[in-house]
2 protein chains.
Amino acid sequence: MNSEPRANRIAALFGIRYPIVSGGMVWCSGWRLAAAVSEAGGLGLIGSGSMTPDLLREQIHKCRAATDRPFGVNVPLVYRHAAGIMQVIVEERVPVVFTSAGSPRTWTARLHDAGCRVAHVVSSSKFALKCAEAGVDAVVAEGFEAGGHNGREETSTMVLVPQVRAAVDLPLLAAGGIATGEGMLAAFALGAEGVQMGTRFALTRESSASEEFKRLCTRLEEGDTMLALKKLSPTRLVRNGFYRLVAAAEARDASAEELLELIGTGRTRRGIFEGDTEEGELEIGQIVSLIRDLPSAGEVVQQTVSRYEEARARLRSL
Amino acid sequence: MNSEPRANRIAALFGIRYPIVSGGMVWCSGWRLAAAVSEAGGLGLIGSGSMTPDLLREQIHKCRAATDRPFGVNVPLVYRHAAGIMQVIVEERVPVVFTSAGSPRTWTARLHDAGCRVAHVVSSSKFALKCAEAGVDAVVAEGFEAGGHNGREETSTMVLVPQVRAAVDLPLLAAGGIATGEGMLAAFALGAEGVQMGTRFALTRESSASEEFKRLCTRLEEGDTMLALKKLSPTRLVRNGFYRLVAAAEARDASAEELLELIGTGRTRRGIFEGDTEEGELEIGQIVSLIRDLPSAGEVVQQTVSRYEEARARLRSL
């Protein structure tokens with residue numbers, strides 16, 4: 001009953017079967033993960049935030065060779081290669097672009113001219129309103145639970161989604177703390193029409209993260225990630241050796257410059273991609289404590305859908 | 001369809017119509033609020049955390065005079081009057097007790113002997129397991145969004161509820177970030193069987209908070225509350241003048257003793273009850289940014305139920 005997927009605005013907008021998007025995560029979201037998610041009926045994103053423009057072009061070609069379904073690229077607008085990345089996206093006519101960490105005004109019109117659908121990630125309803133003004137096609141409301149970069153307001157997904165829903169009429173995806181069909185259903189109850197899942201897809205076979213990182217993550221418990229680096233850009237990190245260095249520096253009120261020096265370069269690559277789980281910077285969401293397995297991305301999509309339906313069937317009248 | 005309220009374990013356990021509980025909030029949850037919530041079909045809690053045992057006894061008598069429906073008392077177990085409070089609860093045969101901030105082992109058996117139903121508030125699945133071992137009747141999973149005292153793990157409701165659901169079979173209430181029927185439905189999607197709402201009931205006509213506090217709260221926006229006092233007991237506060245003093249002290253790594261001295265005594269009374277919204281300590285949940293009105297508690301219960309049903313009817317198959 002009521003099974004008209006085209007009635008879902010996110011699915012219709014991106015031309016996909018299920019309104020499930022894999023986050024564009026540095027060192028996790030290469031073409032393999034993106035293609036697997038899209039093949040399974042979701043929308044796979046290539047995370048360009050750790051790529052040169054040339055590498056992104058190669059990734060797009062490989063993704064297209066692996067699936068003829070729509071896929072997307074995530075672009076953190078503060079990334080030093082952002083302009084070159086956008087050039088490649090326009091030239092390659094990538095169907096969907098998710099932008100984050102910057103103003104949606106900068107690129108939306110040019111991406112629309114190139115035929116791209118544009119979604120922008122926000123952590124407040126104030127920024128959602130700016131997205132509406134900038135003419136983006138969809139907005140992602142990403143809560144405090146999310147891994148990696150995060151909003152200063154620390155607004156959780158449970159609070160943020162209804163707030164953004166009330167502020168704008170745009171098609172709305174929820175992100176942060178969602179890794180299951182039950183979480184997806186909860187997000188829909190709050191007014192979302194789709195979900196972006198990062199942590200869940202980072203911990204799949206097709207994720208390009210190291211086995212060391214993946215295995216560590218499946219053993220993390222509640223409280224094992226924490227929001228840090230609030231003087232720079234608040235970032236959710238695993239509480240490993242690197243985190244403890246950061247926390248100690250922050251406890252003595254270290255300046256932004258001192259923190260930048262402490263981090264150095266290549267820390268996320270070292271942690272997530274190369275598997276140095278103690279000295280590397282490990283970005284993962286709070287929902288990691290619920291994840292104990294490393295399935296394929298296609299299994300994640302299928303299980304999310306089936307558990308959404310099961311959870312929906314369990315909801316009773318009061 | 002499917003409208004069998006008795007199938008809900010929380011409603012059955014407490015003998016109420018709707019599995020909606022008003023939090024036992026200091027300076028807000030007197031007999032007026034508790035009786036109004038219980039009269040409307042929910043479970044009203046008297047917050048004993050700011051009362052002497054004698055005052056609590058008077059409040060219980062007034063609550064019983066105002067409603068013949070079940071009600072409860074919330075007891076923070078670290079409160080200096082906790083033993084005297086429990087004595088009154090046992091003597092008065094209060095039907096339901098919600099305990100928090102302490103071990104559920106200490107009082108559960110004695111409360112059961114006196115015929116009380118016991119729920120305990122937790123911020124992690126580890127503590128939920130301790131509740132199960134201690135024989136409590138229900139558990140409240142309260143997330144990072146909640147006002148006032150909060151868990152050290154900073155686990156949000158979206159993450160905590162499924163985690164506690166997976167850990168224990170006990171009847172489960174969700175708290176933190178829930179102020180609407182949509183939020184209640186989201187919590188149920190995650191596995192909860194009832195909700196405890198604090199902020200929403202603090203901002204009702206029957207709440208004993210000052211008008212100044214209530215009016216300020218209906219103007220707060222996203223990011224206007226923040227988790228502070230992490231060296232003592234993490235507490236979600238409004239970012240007013242008092243908060244800025246605390247934040248400045250914490251930025252210079254002030255000790256727990258310095259923070260205690262800064263707070264002094266009577267700060268929450270001054271802020272919430274007496275209405276000094278600048279110098280007082282104002283505890284309220286993150287969901288406050290969604291609340292713009294001051295209805296009656298009965299209207300809150302009714303609207304939560306009707307919006308739950310409407311939101312449930314909107315959920316579609318994928």
# chains A, B, ... in the order shown; residues from 1 in each chain; ligands from 1
call {"tool": "residues_around", "arguments": {"residues": "Thr204 of chain B", "least_positions_apart": "5", "cutoff": "8 Å", "atoms": "only C-alpha atoms", "output": "ChimeraX atom specification"}}
result
/B:294-297
call {"tool": "closest_atom_pairs", "arguments": {"of": "chain A", "to": "chain B", "cutoff": "7 Å", "atoms": "only C-alpha atoms", "output": "CSV"}}
result
residue,atom,partner,partner_atom,distance
A:Asn2,CA,B:Arg316,CA,5.9
A:Ser3,CA,B:Ser317,CA,5.1
A:Pro5,CA,B:Leu318,CA,5.7
A:Tyr18,CA,B:Leu318,CA,6.6
A:Glu145,CA,B:Ser156,CA,6.8
A:Glu153,CA,B:Gly223,CA,4.1
A:Glu154,CA,B:Gly223,CA,6.8
A:Thr155,CA,B:Gly223,CA,6.7
A:Ser156,CA,B:Ser156,CA,6.7
A:Met158,CA,B:Gly177,CA,6.0
A:Val159,CA,B:Ile287,CA,5.6
A:Gln163,CA,B:Leu290,CA,6.4
A:Gly177,CA,B:Val159,CA,5.7
A:Glu182,CA,B:Leu190,CA,5.4
A:Gly183,CA,B:Leu190,CA,6.2
A:Leu185,CA,B:Ala189,CA,6.1
A:Ala186,CA,B:Ala186,CA,3.9
A:Ala187,CA,B:Ala186,CA,6.7
A:Ala189,CA,B:Ala186,CA,5.2
A:Leu190,CA,B:Glu182,CA,5.4
A:Glu222,CA,B:Glu153,CA,6.6
A:Gly223,CA,B:Glu153,CA,4.1
A:Ala251,CA,B:Asp253,CA,6.2
A:Arg252,CA,B:Asp253,CA,6.5
A:Asp253,CA,B:Ala251,CA,6.2
A:Ile287,CA,B:Val159,CA,5.6
A:Leu290,CA,B:Gln163,CA,6.4
A:Glu309,CA,B:Ser317,CA,6.5
A:Ala311,CA,B:Ala189,CA,6.1
A:Leu315,CA,B:Ala189,CA,6.9
A:Arg316,CA,B:Asn2,CA,5.9
A:Ser317,CA,B:Ser3,CA,5.1
A:Leu318,CA,B:Pro5,CA,5.6
call {"tool": "write_last_selection", "arguments": {"atoms": "N, CA and C atoms", "output": "CSV table (one decimal), in the first residue's frame"}}
result
chain,number,residue,atom,x,y,z
A,2,ASN,N,0.4,2.3,-0.6
A,2,ASN,CA,1.1,3.6,-0.7
A,2,ASN,C,2.5,3.5,-1.3
A,3,SER,N,2.7,2.5,-2.1
A,3,SER,CA,4.0,2.3,-2.6
A,3,SER,C,4.2,3.0,-4.0
A,5,PRO,N,7.0,5.1,-5.3
A,5,PRO,CA,8.3,5.8,-5.0
A,5,PRO,C,8.5,7.1,-5.7
A,18,TYR,N,15.6,4.6,-4.3
A,18,TYR,CA,15.5,4.8,-2.9
A,18,TYR,C,16.2,6.1,-2.5
A,145,GLU,N,25.6,14.6,15.5
A,145,GLU,CA,26.1,13.2,15.6
A,145,GLU,C,27.1,12.8,14.5
A,153,GLU,N,26.7,25.1,16.3
A,153,GLU,CA,25.5,25.2,17.2
A,153,GLU,C,25.3,23.8,18.0
A,154,GLU,N,26.0,22.8,17.5
A,154,GLU,CA,25.9,21.4,18.1
A,154,GLU,C,24.4,20.9,18.1
A,155,THR,N,23.6,21.3,17.1
A,155,THR,CA,22.2,20.9,17.1
A,155,THR,C,22.1,19.5,16.6
A,156,SER,N,21.5,18.6,17.4
A,156,SER,CA,21.4,17.2,17.0
A,156,SER,C,20.4,17.0,15.9
A,158,MET,N,17.8,15.1,15.7
A,158,MET,CA,16.4,15.1,16.2
A,158,MET,C,15.8,16.6,16.3
A,159,VAL,N,16.7,17.5,16.6
A,159,VAL,CA,16.2,18.9,16.7
A,159,VAL,C,16.4,19.6,15.4
A,163,GLN,N,13.4,21.6,12.6
A,163,GLN,CA,13.7,23.0,12.5
A,163,GLN,C,13.9,23.4,11.0
A,177,GLY,N,23.8,10.4,12.6
A,177,GLY,CA,23.2,9.5,13.6
A,177,GLY,C,22.3,8.5,12.9
A,182,GLU,N,15.5,1.9,10.8
A,182,GLU,CA,14.8,2.6,11.9
A,182,GLU,C,15.2,4.1,12.0
A,183,GLY,N,16.4,4.3,11.8
A,183,GLY,CA,16.9,5.7,11.8
A,183,GLY,C,16.3,6.5,10.7
A,185,LEU,N,13.5,5.9,9.2
A,185,LEU,CA,12.1,6.1,9.5
A,185,LEU,C,11.9,7.3,10.5
A,186,ALA,N,12.8,7.3,11.5
A,186,ALA,CA,12.8,8.4,12.5
A,186,ALA,C,13.0,9.7,11.8
A,187,ALA,N,13.9,9.8,10.9
A,187,ALA,CA,14.2,11.0,10.1
A,187,ALA,C,13.0,11.4,9.3
A,189,ALA,N,9.9,10.6,10.0
A,189,ALA,CA,8.8,11.1,11.0
A,189,ALA,C,9.0,12.6,11.3
A,190,LEU,N,10.3,13.0,11.3
A,190,LEU,CA,10.6,14.4,11.6
A,190,LEU,C,10.5,15.3,10.4
A,222,GLU,N,29.7,3.5,22.8
A,222,GLU,CA,29.2,4.9,23.1
A,222,GLU,C,30.2,5.7,23.8
A,223,GLY,N,30.3,6.9,23.4
A,223,GLY,CA,31.3,7.8,24.0
A,223,GLY,C,32.7,7.8,23.4
A,251,ALA,N,42.6,21.7,26.3
A,251,ALA,CA,42.4,21.9,27.8
A,251,ALA,C,43.3,23.0,28.3
A,252,ARG,N,44.5,23.2,27.6
A,252,ARG,CA,45.3,24.3,28.0
A,252,ARG,C,45.1,25.5,27.2
A,253,ASP,N,43.9,25.6,26.5
A,253,ASP,CA,43.5,26.7,25.7
A,253,ASP,C,44.4,27.1,24.6
A,287,ILE,N,27.0,7.3,15.6
A,287,ILE,CA,26.2,6.0,15.4
A,287,ILE,C,27.1,4.8,15.2
A,290,LEU,N,26.7,1.5,17.0
A,290,LEU,CA,25.7,0.6,16.7
A,290,LEU,C,26.1,-0.4,15.5
A,309,GLU,N,10.8,-0.6,6.3
A,309,GLU,CA,9.4,-1.1,6.1
A,309,GLU,C,8.9,-1.8,7.4
A,311,ALA,N,10.0,-1.4,10.5
A,311,ALA,CA,9.7,-0.5,11.6
A,311,ALA,C,8.5,0.3,11.4
A,315,LEU,N,4.8,0.6,13.9
A,315,LEU,CA,4.3,1.8,14.5
A,315,LEU,C,2.8,1.7,14.7
A,316,ARG,N,2.3,1.9,15.9
A,316,ARG,CA,0.9,1.7,16.2
A,316,ARG,C,0.3,3.1,16.5
A,317,SER,N,-1.0,3.1,16.4
A,317,SER,CA,-1.8,4.3,16.9
A,317,SER,C,-1.7,4.3,18.4
A,318,LEU,N,-1.8,5.5,19.0
A,318,LEU,CA,-1.7,5.7,20.4
A,318,LEU,C,-3.0,5.2,21.1
call {"tool": "select_by_dssp", "arguments": {"residues": "segment 120-285 of chain A", "states": "alpha helix (DSSP H)", "output": "ChimeraX atom specification"}}
result
/A:125-134,157-167,181-189,199-202,211-217,241-251,256-263,267-268
call {"tool": "residues_around", "arguments": {"residues": "Phe14 of chain B", "least_positions_apart": "6", "cutoff": "12 Å", "atoms": "only C-alpha atoms", "output": "list in words"}}
result
Arg6, Asn8, Ile20, Val21, Ser38, Gly41, Gly42, Leu43, Gly44, Leu45, Arg69, Pro70, Phe71, Gly72, Val94, Pro95, Val96, Val97, Phe98, Gly115, Cys116, Arg117, Val118, Ala119, Asp137, Ala138, Pro171 and Gly194 of chain B
call {"tool": "select_by_dssp", "arguments": {"residues": "segment 175-248 of chain A", "states": "strand (DSSP E or B)", "output": "ChimeraX atom specification"}}
result
/A:175,194-197,225-228,235-238
call {"tool": "write_last_selection", "arguments": {"atoms": "N, CA, C and O atoms", "output": "mmCIF file, in the first residue's frame"}}
result
data_model
loop_
_atom_site.group_PDB
_atom_site.id
_atom_site.type_symbol
_atom_site.label_atom_id
_atom_site.label_comp_id
_atom_site.auth_asym_id
_atom_site.auth_seq_id
_atom_site.Cartn_x
_atom_site.Cartn_y
_atom_site.Cartn_z
ATOM 1 N N ALA A 175 20.857 13.862 7.930
ATOM 2 C CA ALA A 175 22.146 13.189 8.094
ATOM 3 C C ALA A 175 22.614 13.357 9.526
ATOM 4 O O ALA A 175 22.250 14.319 10.197
ATOM 5 N N GLY A 194 14.577 11.987 2.680
ATOM 6 C CA GLY A 194 15.689 11.144 2.282
ATOM 7 C C GLY A 194 16.733 11.177 3.383
ATOM 8 O O GLY A 194 16.635 11.994 4.312
ATOM 9 N N VAL A 195 17.703 10.275 3.291
ATOM 10 C CA VAL A 195 18.780 10.273 4.281
ATOM 11 C C VAL A 195 20.131 10.224 3.579
ATOM 12 O O VAL A 195 20.270 9.641 2.500
ATOM 13 N N GLN A 196 21.107 10.860 4.193
ATOM 14 C CA GLN A 196 22.497 10.684 3.793
ATOM 15 C C GLN A 196 23.186 9.959 4.939
ATOM 16 O O GLN A 196 23.163 10.435 6.074
ATOM 17 N N MET A 197 23.754 8.815 4.635
ATOM 18 C CA MET A 197 24.448 8.041 5.663
ATOM 19 C C MET A 197 25.934 8.028 5.339
ATOM 20 O O MET A 197 26.323 7.659 4.220
ATOM 21 N N THR A 225 33.529 8.536 20.308
ATOM 22 C CA THR A 225 33.818 9.675 19.433
ATOM 23 C C THR A 225 33.462 10.944 20.197
ATOM 24 O O THR A 225 32.642 10.913 21.114
ATOM 25 N N MET A 226 34.082 12.046 19.836
ATOM 26 C CA MET A 226 33.810 13.299 20.548
ATOM 27 C C MET A 226 34.048 14.467 19.578
ATOM 28 O O MET A 226 34.867 14.374 18.677
ATOM 29 N N LEU A 227 33.282 15.531 19.797
ATOM 30 C CA LEU A 227 33.461 16.721 18.970
ATOM 31 C C LEU A 227 34.676 17.495 19.491
ATOM 32 O O LEU A 227 34.724 17.861 20.672
ATOM 33 N N ALA A 228 35.633 17.741 18.610
ATOM 34 C CA ALA A 228 36.870 18.416 19.014
ATOM 35 C C ALA A 228 37.174 19.536 18.033
ATOM 36 O O ALA A 228 36.373 19.837 17.145
ATOM 37 N N THR A 235 34.928 19.152 14.735
ATOM 38 C CA THR A 235 35.115 17.903 14.001
ATOM 39 C C THR A 235 34.929 16.726 14.948
ATOM 40 O O THR A 235 35.518 16.702 16.028
ATOM 41 N N ARG A 236 34.105 15.771 14.548
ATOM 42 C CA ARG A 236 33.901 14.587 15.392
ATOM 43 C C ARG A 236 34.996 13.566 15.103
ATOM 44 O O ARG A 236 35.178 13.152 13.962
ATOM 45 N N LEU A 237 35.719 13.192 16.131
ATOM 46 C CA LEU A 237 36.879 12.314 16.013
ATOM 47 C C LEU A 237 36.747 11.104 16.929
ATOM 48 O O LEU A 237 36.103 11.178 17.985
ATOM 49 N N VAL A 238 37.395 10.034 16.537
ATOM 50 C CA VAL A 238 37.562 8.900 17.440
ATOM 51 C C VAL A 238 38.560 9.301 18.524
ATOM 52 O O VAL A 238 39.552 9.983 18.237
#
call {"tool": "residues_around", "arguments": {"residues": "Pro76 of chain A", "least_positions_apart": "2", "cutoff": "8 Å", "atoms": "only C-alpha atoms", "output": "list in words"}}
result
Ser48, Gly49, Asn74, Val78, Tyr79, Ala82, Thr99, Ser100, Ala101 and Gly102 of chain A
call {"tool": "closest_residue", "arguments": {"among": "A:Pro104, A:Gly264, A:Gly24, A:Gly135", "to": "Gly148 of chain A", "atoms": "only C-alpha atoms"}}
result
A:Gly24
call {"tool": "residues_around", "arguments": {"residues": "Thr218 of chain A", "least_positions_apart": "2", "cutoff": "6 Å", "atoms": "only C-alpha atoms", "output": "list in words"}}
result
Arg215, Leu216, Leu220, Ile291 and Arg292 of chain A
call {"tool": "residues_around", "arguments": {"residues": "Gly241 of chain B", "least_positions_apart": "4", "cutoff": "7 Å", "atoms": "only C-alpha atoms", "output": "PyMOL selection string"}}
result
chain B and resi 245+278-279
call {"tool": "atom_distance", "arguments": {"atom1": "atom CA of Arg200 of chain B", "atom2": "atom CA of Thr304 of chain B"}}
result
10.2 Å
call {"tool": "residues_around", "arguments": {"residues": "Gln87 of chain A", "least_positions_apart": "4", "cutoff": "12 Å", "atoms": "only C-alpha atoms", "output": "list of chain:residue names"}}
result
A:Thr52, A:Pro53, A:Asp54, A:Leu56, A:Arg57, A:Val75, A:His81, A:Ala82, A:Ala83, A:Glu91, A:Glu92, A:Arg93, A:Val94, A:Trp107, A:Arg110, A:Leu111, A:Ala114
call {"tool": "atom_distance", "arguments": {"atom1": "atom CA of Arg105 of chain B", "atom2": "atom CA of Ala134 of chain B"}}
result
5.1 Å
